[in-house]
>>> print(open('data24.tsv').read())   # TSV, C-alpha atoms
chain	number	residue	atom	x	y	z
A	751	ASP	CA	0.00	0.00	0.00
A	752	SER	CA	1.20	3.47	-0.84
A	753	GLN	CA	2.01	5.65	2.16
A	754	MET	CA	1.59	9.42	2.06
A	755	THR	CA	4.21	11.60	3.75
A	756	GLN	CA	3.62	15.30	4.23
A	757	SER	CA	6.23	17.91	5.06
A	758	PRO	CA	6.65	19.96	7.02
A	759	SER	CA	4.40	18.80	9.85
A	760	SER	CA	3.92	22.42	10.85
A	761	LEU	CA	4.95	25.85	9.68
A	762	SER	CA	4.60	29.45	10.73
A	763	ALA	CA	4.54	32.21	8.14
A	764	SER	CA	3.58	35.87	7.87
A	765	VAL	CA	0.47	37.22	6.22
A	766	GLY	CA	1.20	37.63	2.52
A	767	ASP	CA	3.92	34.97	2.43
A	768	ARG	CA	4.01	32.21	-0.15
A	769	VAL	CA	3.56	28.85	1.56
A	770	THR	CA	4.36	25.44	0.07
A	771	ILE	CA	3.39	22.06	1.51
A	772	THR	CA	4.76	18.82	0.10
A	773	CYS	CA	3.14	15.40	-0.10
A	774	ARG	CA	5.11	12.36	-1.22
A	775	ALA	CA	3.62	8.99	-2.15
A	776	SER	CA	5.68	5.86	-1.57
A	777	GLN	CA	4.46	4.52	-4.93
A	778	GLY	CA	3.33	6.35	-8.05
A	779	ILE	CA	-0.31	7.44	-7.98
A	780	SER	CA	-0.49	9.40	-11.27
A	781	ASN	CA	-2.56	12.49	-10.42
A	782	PHE	CA	-5.01	10.76	-8.06
A	783	LEU	CA	-4.39	13.22	-5.24
A	784	ALA	CA	-6.63	15.58	-3.29
A	785	TRP	CA	-5.93	18.30	-0.76
A	786	TYR	CA	-8.20	19.21	2.17
A	787	GLN	CA	-8.24	22.06	4.64
A	788	GLN	CA	-9.46	21.59	8.22
A	789	LYS	CA	-9.87	24.78	10.19
A	790	PRO	CA	-9.82	24.57	14.00
A	791	GLY	CA	-12.95	22.82	15.28
A	792	LYS	CA	-14.38	22.44	11.78
A	793	VAL	CA	-15.07	19.72	9.25
A	794	PRO	CA	-12.48	19.09	6.52
A	795	ASN	CA	-13.09	20.89	3.23
A	796	LEU	CA	-11.96	19.84	-0.24
A	797	LEU	CA	-9.54	22.31	-1.83
A	798	ILE	CA	-8.02	20.53	-4.81
A	799	TYR	CA	-8.54	17.23	-6.66
A	800	ALA	CA	-6.75	15.54	-9.53
A	801	ALA	CA	-3.59	17.10	-8.06
A	802	SER	CA	-4.21	20.52	-9.57
A	803	THR	CA	-7.93	21.14	-10.12
A	804	LEU	CA	-9.34	23.79	-7.81
A	805	GLN	CA	-12.68	22.85	-6.22
A	806	SER	CA	-15.48	25.31	-6.93
A	807	GLY	CA	-15.55	28.19	-4.46
A	808	VAL	CA	-11.95	27.79	-3.28
A	809	PRO	CA	-9.89	31.01	-3.48
A	810	SER	CA	-7.45	31.19	-6.37
A	811	ARG	CA	-4.49	31.74	-4.03
A	812	PHE	CA	-4.56	27.97	-3.51
A	813	SER	CA	-2.93	25.82	-6.17
A	814	GLY	CA	-1.69	22.28	-6.52
A	815	SER	CA	0.87	20.59	-8.70
A	816	GLY	CA	2.65	17.31	-9.18
A	817	SER	CA	2.24	13.83	-10.57
A	818	GLY	CA	3.53	10.38	-9.79
A	819	THR	CA	5.03	10.53	-6.31
A	820	ASP	CA	5.66	14.22	-5.54
A	821	PHE	CA	2.96	16.82	-5.03
A	822	THR	CA	2.75	20.34	-3.68
A	823	LEU	CA	0.05	22.60	-2.32
A	824	THR	CA	0.86	26.29	-2.58
A	825	ILE	CA	-0.82	29.24	-0.94
A	826	SER	CA	0.38	32.22	-2.97
A	827	SER	CA	-0.36	34.85	-0.33
A	828	LEU	CA	-1.15	33.55	3.15
A	829	GLN	CA	-4.24	35.05	4.79
A	830	PRO	CA	-5.32	34.88	8.45
A	831	GLU	CA	-8.30	32.69	7.50
A	832	ASP	CA	-5.90	30.08	6.08
A	833	VAL	CA	-4.86	28.97	9.57
A	834	ALA	CA	-5.69	25.28	9.43
A	835	ILE	CA	-4.33	21.77	9.07
A	836	TYR	CA	-3.89	20.66	5.48
A	837	TYR	CA	-4.11	17.02	4.43
A	838	CYS	CA	-3.31	15.26	1.20
A	839	GLN	CA	-5.14	12.07	0.21
A	840	LYS	CA	-4.46	9.51	-2.49
A	841	TYR	CA	-7.41	7.94	-4.28
A	842	ASP	CA	-5.88	5.68	-6.90
A	843	GLY	CA	-7.29	2.68	-5.07
A	844	ALA	CA	-7.90	1.32	-1.58
A	845	PRO	CA	-6.70	2.16	0.95
A	846	LEU	CA	-7.42	5.84	0.28
A	847	THR	CA	-4.66	7.00	2.60
A	848	PHE	CA	-4.36	10.51	4.02
A	849	GLY	CA	-1.10	12.21	4.78
A	850	GLY	CA	-0.30	13.08	8.38
A	851	GLY	CA	-1.24	16.73	7.99
A	852	THR	CA	0.55	20.08	7.96
A	853	LYS	CA	-0.44	22.68	10.52
A	854	VAL	CA	-0.22	26.23	9.18
A	855	GLU	CA	-0.02	29.12	11.60
A	856	ILE	CA	0.47	32.86	11.31
A	857	LYS	CA	3.75	34.28	12.58
B	832	GLU	CA	-28.59	21.98	-0.61
B	833	VAL	CA	-26.38	18.91	-0.32
B	834	GLN	CA	-26.24	17.66	3.27
B	835	LEU	CA	-24.99	14.66	5.18
B	836	LEU	CA	-26.19	14.06	8.73
B	837	GLU	CA	-24.60	11.35	10.82
B	838	SER	CA	-26.13	9.74	13.89
B	839	GLY	CA	-25.55	6.75	16.14
B	840	GLY	CA	-22.32	7.70	17.87
B	841	ASP	CA	-22.17	6.70	21.52
B	842	LEU	CA	-20.05	5.42	24.40
B	843	VAL	CA	-19.62	1.66	24.05
B	844	GLN	CA	-17.57	-0.93	25.91
B	845	PRO	CA	-14.66	-2.74	24.26
B	846	GLY	CA	-16.00	-5.68	22.28
B	847	GLY	CA	-19.34	-3.97	21.76
B	848	SER	CA	-21.19	-3.02	18.62
B	849	LEU	CA	-22.65	0.14	17.17
B	850	ARG	CA	-24.37	1.17	13.95
B	851	LEU	CA	-23.79	4.61	12.47
B	852	SER	CA	-26.24	6.14	10.03
B	853	CYS	CA	-25.79	8.94	7.54
B	854	ALA	CA	-28.88	10.59	6.10
B	855	ALA	CA	-28.18	12.25	2.76
B	856	SER	CA	-30.27	15.04	1.31
B	857	GLY	CA	-30.11	17.24	-1.76
B	858	PHE	CA	-28.81	14.50	-4.07
B	859	PRO	CA	-29.61	10.87	-4.96
B	860	LEU	CA	-27.43	8.58	-2.86
B	861	SER	CA	-27.69	5.91	-5.56
B	862	SER	CA	-25.59	7.96	-7.97
B	863	TYR	CA	-22.54	8.36	-5.75
B	864	THR	CA	-19.73	6.50	-4.08
B	865	MET	CA	-20.01	7.13	-0.36
B	866	GLY	CA	-17.61	6.56	2.48
B	867	TRP	CA	-16.55	6.93	6.07
B	868	VAL	CA	-13.50	8.79	7.38
B	869	ARG	CA	-12.56	8.95	11.06
B	870	GLN	CA	-10.48	11.24	13.21
B	871	ALA	CA	-9.26	10.18	16.63
B	872	PRO	CA	-9.10	12.98	19.24
B	873	GLY	CA	-6.27	15.34	18.38
B	874	LYS	CA	-5.13	13.17	15.46
B	875	GLY	CA	-5.26	13.23	11.69
B	876	LEU	CA	-7.75	11.86	9.21
B	877	GLU	CA	-8.04	8.13	8.54
B	878	TRP	CA	-10.01	6.64	5.67
B	879	VAL	CA	-12.21	3.78	6.91
B	880	SER	CA	-14.42	2.49	4.11
B	881	ASP	CA	-16.03	3.16	0.73
B	882	ILE	CA	-19.06	1.75	-1.06
B	883	ASN	CA	-19.65	2.55	-4.71
B	884	ASN	CA	-22.89	2.67	-6.66
B	885	ARG	CA	-22.41	-0.97	-7.73
B	886	ASN	CA	-22.21	-1.92	-4.02
B	887	THR	CA	-18.49	-2.72	-4.16
B	888	LYS	CA	-17.07	-2.21	-0.67
B	889	THR	CA	-13.51	-1.48	0.48
B	890	TYR	CA	-12.05	-1.14	3.97
B	891	VAL	CA	-8.87	-0.11	5.73
B	892	ASP	CA	-7.04	-3.21	7.01
B	893	SER	CA	-7.60	-2.34	10.69
B	894	VAL	CA	-11.40	-2.69	10.39
B	895	LYS	CA	-11.70	-5.55	7.91
B	896	GLY	CA	-13.89	-8.31	9.33
B	897	ARG	CA	-15.25	-6.00	12.03
B	898	PHE	CA	-16.95	-3.13	10.15
B	899	THR	CA	-19.53	-3.38	7.37
B	900	VAL	CA	-20.61	-0.50	5.16
B	901	SER	CA	-23.99	-0.59	3.48
B	902	ARG	CA	-26.48	1.69	1.82
B	903	ASP	CA	-30.25	1.94	1.44
B	904	ASN	CA	-30.80	4.04	-1.64
B	905	SER	CA	-34.57	3.98	-1.14
B	906	ILE	CA	-34.22	6.16	1.95
B	907	ASN	CA	-30.98	7.90	0.95
B	908	THR	CA	-29.08	6.52	3.94
B	909	LEU	CA	-25.58	5.14	4.41
B	910	TYR	CA	-24.64	2.87	7.30
B	911	LEU	CA	-21.54	1.65	9.10
B	912	GLN	CA	-22.04	-1.43	11.27
B	913	MET	CA	-19.19	-1.70	13.74
B	914	THR	CA	-18.53	-4.81	15.82
B	915	SER	CA	-15.75	-6.01	18.13
B	916	LEU	CA	-14.98	-2.39	18.90
B	917	ARG	CA	-11.59	-1.48	20.34
B	918	ALA	CA	-10.28	1.53	22.21
B	919	GLU	CA	-8.38	2.55	19.07
B	920	ASP	CA	-11.69	2.89	17.20
B	921	THR	CA	-12.50	5.93	19.34
B	922	ALA	CA	-12.93	8.81	16.93
B	923	VAL	CA	-15.26	11.22	15.24
B	924	TYR	CA	-16.70	9.39	12.24
B	925	TYR	CA	-17.47	11.49	9.17
B	926	CYS	CA	-19.80	10.43	6.40
B	927	VAL	CA	-18.43	11.58	3.03
B	928	ARG	CA	-19.59	11.79	-0.58
B	929	ALA	CA	-17.14	11.11	-3.37
B	930	GLY	CA	-16.81	13.26	-6.43
B	931	SER	CA	-16.36	11.72	-9.88
B	932	ILE	CA	-13.67	9.43	-8.48
B	933	SER	CA	-12.90	9.19	-4.76
B	934	TRP	CA	-12.03	12.64	-3.63
B	935	TYR	CA	-14.54	13.76	-1.01
B	936	ASP	CA	-16.51	16.84	-1.94
B	937	CYS	CA	-19.06	16.75	0.86
B	938	TRP	CA	-18.58	15.92	4.55
B	939	GLY	CA	-21.07	15.48	7.37
B	940	GLN	CA	-20.59	17.11	10.75
B	941	GLY	CA	-19.39	13.86	12.29
B	942	THR	CA	-20.55	11.60	15.09
B	943	LEU	CA	-18.38	10.66	18.08
B	944	VAL	CA	-17.74	7.03	18.92
B	945	THR	CA	-16.03	6.39	22.25
B	946	VAL	CA	-14.89	2.88	23.12
B	947	SER	CA	-14.11	2.64	26.81
B	948	SER	CA	-14.95	0.59	29.87
>>> encode(input="data24.tsv", output="structure tokens")
Amino acid sequence: DSQMTQSPSSLSASVGDRVTITCRASQGISNFLAWYQQKPGKVPNLLIYAASTLQSGVPSRFSGSGSGTDFTLTISSLQPEDVAIYYCQKYDGAPLTFGGGTKVEIK
Amino acid sequence: EVQLLESGGDLVQPGGSLRLSCAASGFPLSSYTMGWVRQAPGKGLEWVSDINNRNTKTYVDSVKGRFTVSRDNSINTLYLQMTSLRAEDTAVYYCVRAGSISWYDCWGQGTLVTVSS
């Protein structure tokens, strides 16, 4: 089974900074990767699917890239409302494993 | 409006059983792959199970043989039957709807299952 490893596990950045989160699959998963945002005390929310397709309603400062084993989620200009834990998830086949999460805070 | 509403979470003793329900509204359950994702207190997300619209079911290894996912399309409801519960099954259980493939575009509010004596 493919494992999903996210890095860093946490980061602190200033408002307006460019933030990049990495997700690595232990085996190739083509572009079968999604990203979710979970704000404190809230339900997870889909941001990106198919590695780079922005879900409807998600701000354009979020973007995703990658294929195969290496993927990135980028926030082009960090906003206070982006404080959250971000998770990647593979969906090429069961088990549909999530990464361990990256906690994003404001400096 | 698309909504998922879970119910059935409770405090149960180790070895016990519980059935979770997820009432879907705003879309026909029969047209979608549905699933369950759990989150232990203070921990990350863990995929538990999926059931597609052909009734094919998949499970994470840790629940195989103990959990059973099912659906009743006539009443737009998804279920998760959980048996032989363990302390490590303690979590908030989210009902999820899959998009065209298996990314999850809709999440319920979650229901808490606590396994403890």
>>> closest_residue(input="data24.tsv", among="B:Ile932, B:Leu860, B:Cys937, B:Leu943", to="A:Ala800", atoms="all atoms listed in the file")
B:Ile932
>>> residues_around(input="data24.tsv", residues="stretch 764-781 of chain A", least_positions_apart="2", cutoff="10 Å", atoms="all atoms listed in the file", output="ChimeraX atom specification")
/A:751-762,783-785,799-802,811-832,836-843,847-857
>>> closest_atom_pairs(input="data24.tsv", of="stretch 843-880 of chain B", to="stretch 901-922 of chain B", cutoff="6 Å", atoms="only C-alpha atoms", output="JSON lines")
{"residue": "B:Pro845", "atom": "CA", "partner": "B:Arg917", "partner_atom": "CA", "distance": 5.1}
{"residue": "B:Gly846", "atom": "CA", "partner": "B:Ser915", "partner_atom": "CA", "distance": 4.2}
{"residue": "B:Gly847", "atom": "CA", "partner": "B:Leu916", "partner_atom": "CA", "distance": 5.4}
{"residue": "B:Ser848", "atom": "CA", "partner": "B:Thr914", "partner_atom": "CA", "distance": 4.3}
{"residue": "B:Leu849", "atom": "CA", "partner": "B:Met913", "partner_atom": "CA", "distance": 5.2}
{"residue": "B:Arg850", "atom": "CA", "partner": "B:Gln912", "partner_atom": "CA", "distance": 4.4}
{"residue": "B:Leu851", "atom": "CA", "partner": "B:Leu911", "partner_atom": "CA", "distance": 5.0}
{"residue": "B:Ser852", "atom": "CA", "partner": "B:Tyr910", "partner_atom": "CA", "distance": 4.6}
{"residue": "B:Cys853", "atom": "CA", "partner": "B:Leu909", "partner_atom": "CA", "distance": 4.9}
{"residue": "B:Ala854", "atom": "CA", "partner": "B:Thr908", "partner_atom": "CA", "distance": 4.6}
{"residue": "B:Ala855", "atom": "CA", "partner": "B:Asn907", "partner_atom": "CA", "distance": 5.5}
{"residue": "B:Leu860", "atom": "CA", "partner": "B:Asn907", "partner_atom": "CA", "distance": 5.3}
{"residue": "B:Ser861", "atom": "CA", "partner": "B:Asn904", "partner_atom": "CA", "distance": 5.3}
{"residue": "B:Arg869", "atom": "CA", "partner": "B:Ala922", "partner_atom": "CA", "distance": 5.9}
{"residue": "B:Gln870", "atom": "CA", "partner": "B:Ala922", "partner_atom": "CA", "distance": 5.1}
{"residue": "B:Ala871", "atom": "CA", "partner": "B:Ala922", "partner_atom": "CA", "distance": 3.9}
>>> interface_residues(input="data24.tsv", of="chain B", to="chain A", cutoff="9 Å", atoms="all atoms listed in the file", output="VMD selection string")
chain B and resid 874 to 881 889 to 892 925 932 to 941
>>> write_last_selection(input="data24.tsv", atoms="C-alpha atoms", output="tab-separated table (two decimals), keeping the file's coordinate frame")
chain	number	residue	atom	x	y	z
B	874	LYS	CA	-5.13	13.17	15.46
B	875	GLY	CA	-5.26	13.23	11.69
B	876	LEU	CA	-7.75	11.86	9.21
B	877	GLU	CA	-8.04	8.13	8.54
B	878	TRP	CA	-10.01	6.64	5.67
B	879	VAL	CA	-12.21	3.78	6.91
B	880	SER	CA	-14.42	2.49	4.11
B	881	ASP	CA	-16.03	3.16	0.73
B	889	THR	CA	-13.51	-1.48	0.48
B	890	TYR	CA	-12.05	-1.14	3.97
B	891	VAL	CA	-8.87	-0.11	5.73
B	892	ASP	CA	-7.04	-3.21	7.01
B	925	TYR	CA	-17.47	11.49	9.17
B	932	ILE	CA	-13.67	9.43	-8.48
B	933	SER	CA	-12.90	9.19	-4.76
B	934	TRP	CA	-12.03	12.64	-3.63
B	935	TYR	CA	-14.54	13.76	-1.01
B	936	ASP	CA	-16.51	16.84	-1.94
B	937	CYS	CA	-19.06	16.75	0.86
B	938	TRP	CA	-18.58	15.92	4.55
B	939	GLY	CA	-21.07	15.48	7.37
B	940	GLN	CA	-20.59	17.11	10.75
B	941	GLY	CA	-19.39	13.86	12.29
>>> atom_distance(input="data24.tsv", atom1="atom CA of B:Thr942", atom2="atom CA of B:Phe898")
15.9 Å
>>> closest_residue(input="data24.tsv", among="B:Arg897, B:Gly857, B:Gly873, B:Lys888", to="B:Leu836", atoms="all atoms listed in the file")
B:Gly857
>>> build_atoms(input="data24.tsv", residues="stretch 884-895 of chain B", atoms="all heavy atoms", output="compact mmCIF listing (two decimals), in the frame of the given file")
# COMPACT_ATOMS: atom_id res chain seq x y z
N ASN B 884 -21.49 2.81 -6.27
CA ASN B 884 -22.89 2.67 -6.66
C ASN B 884 -23.20 1.30 -7.26
O ASN B 884 -24.33 1.02 -7.63
CB ASN B 884 -23.33 3.80 -7.59
CG ASN B 884 -22.46 3.90 -8.82
OD1 ASN B 884 -21.59 3.07 -9.06
ND2 ASN B 884 -22.69 4.93 -9.61
N ARG B 885 -22.17 0.43 -7.36
CA ARG B 885 -22.41 -0.97 -7.73
C ARG B 885 -22.31 -1.87 -6.48
O ARG B 885 -22.25 -3.08 -6.60
CB ARG B 885 -21.39 -1.42 -8.77
CG ARG B 885 -21.50 -0.64 -10.08
CD ARG B 885 -20.44 -1.09 -11.08
NE ARG B 885 -19.09 -0.95 -10.58
CZ ARG B 885 -18.41 0.18 -10.56
NH1 ARG B 885 -18.96 1.29 -11.00
NH2 ARG B 885 -17.17 0.21 -10.09
N ASN B 886 -22.26 -1.23 -5.31
CA ASN B 886 -22.21 -1.92 -4.02
C ASN B 886 -20.88 -2.63 -3.76
O ASN B 886 -20.81 -3.53 -2.92
CB ASN B 886 -23.35 -2.92 -3.87
CG ASN B 886 -24.28 -2.52 -2.73
OD1 ASN B 886 -24.35 -1.36 -2.36
ND2 ASN B 886 -24.95 -3.48 -2.15
N THR B 887 -19.83 -2.23 -4.46
CA THR B 887 -18.49 -2.72 -4.16
C THR B 887 -17.97 -2.00 -2.92
O THR B 887 -18.03 -0.77 -2.86
CB THR B 887 -17.54 -2.47 -5.34
OG1 THR B 887 -18.06 -3.13 -6.50
CG2 THR B 887 -16.15 -3.01 -5.02
N LYS B 888 -17.46 -2.78 -1.97
CA LYS B 888 -17.07 -2.21 -0.67
C LYS B 888 -15.57 -2.40 -0.45
O LYS B 888 -15.01 -3.44 -0.79
CB LYS B 888 -17.83 -2.90 0.46
CG LYS B 888 -19.34 -2.87 0.25
CD LYS B 888 -20.07 -3.76 1.25
CE LYS B 888 -21.56 -3.81 0.93
NZ LYS B 888 -22.31 -4.63 1.92
N THR B 889 -14.92 -1.38 0.11
CA THR B 889 -13.51 -1.48 0.48
C THR B 889 -13.33 -0.96 1.90
O THR B 889 -14.11 -0.11 2.36
CB THR B 889 -12.61 -0.68 -0.48
OG1 THR B 889 -13.11 0.66 -0.59
CG2 THR B 889 -12.58 -1.31 -1.87
N TYR B 890 -12.29 -1.47 2.57
CA TYR B 890 -12.05 -1.14 3.97
C TYR B 890 -10.56 -0.97 4.23
O TYR B 890 -9.72 -1.62 3.58
CB TYR B 890 -12.55 -2.26 4.88
CG TYR B 890 -14.02 -2.59 4.74
CD1 TYR B 890 -14.44 -3.60 3.87
CD2 TYR B 890 -14.97 -1.91 5.48
CE1 TYR B 890 -15.78 -3.90 3.73
CE2 TYR B 890 -16.33 -2.21 5.35
CZ TYR B 890 -16.72 -3.21 4.47
OH TYR B 890 -18.05 -3.51 4.35
N VAL B 891 -10.23 -0.15 5.22
CA VAL B 891 -8.87 -0.11 5.73
C VAL B 891 -8.60 -1.43 6.47
O VAL B 891 -9.52 -2.02 7.04
CB VAL B 891 -8.66 1.12 6.65
CG1 VAL B 891 -9.46 1.00 7.93
CG2 VAL B 891 -7.20 1.36 6.91
N ASP B 892 -7.37 -1.89 6.44
CA ASP B 892 -7.04 -3.21 7.01
C ASP B 892 -7.47 -3.33 8.48
O ASP B 892 -7.93 -4.39 8.90
CB ASP B 892 -5.54 -3.47 6.90
CG ASP B 892 -5.13 -3.90 5.51
OD1 ASP B 892 -6.02 -4.16 4.67
OD2 ASP B 892 -3.91 -3.96 5.25
N SER B 893 -7.35 -2.26 9.24
CA SER B 893 -7.60 -2.34 10.69
C SER B 893 -9.06 -2.60 11.03
O SER B 893 -9.35 -2.94 12.19
CB SER B 893 -7.13 -1.05 11.37
OG SER B 893 -7.83 0.08 10.87
N VAL B 894 -9.99 -2.45 10.08
CA VAL B 894 -11.40 -2.69 10.39
C VAL B 894 -11.98 -3.85 9.60
O VAL B 894 -13.15 -4.23 9.80
CB VAL B 894 -12.28 -1.43 10.16
CG1 VAL B 894 -11.67 -0.21 10.87
CG2 VAL B 894 -12.49 -1.14 8.68
N LYS B 895 -11.19 -4.43 8.71
CA LYS B 895 -11.70 -5.55 7.91
C LYS B 895 -12.15 -6.69 8.82
O LYS B 895 -11.46 -7.06 9.77
CB LYS B 895 -10.61 -6.05 6.96
CG LYS B 895 -10.43 -5.18 5.73
CD LYS B 895 -9.32 -5.73 4.83
CE LYS B 895 -9.10 -4.83 3.63
NZ LYS B 895 -7.95 -5.26 2.80
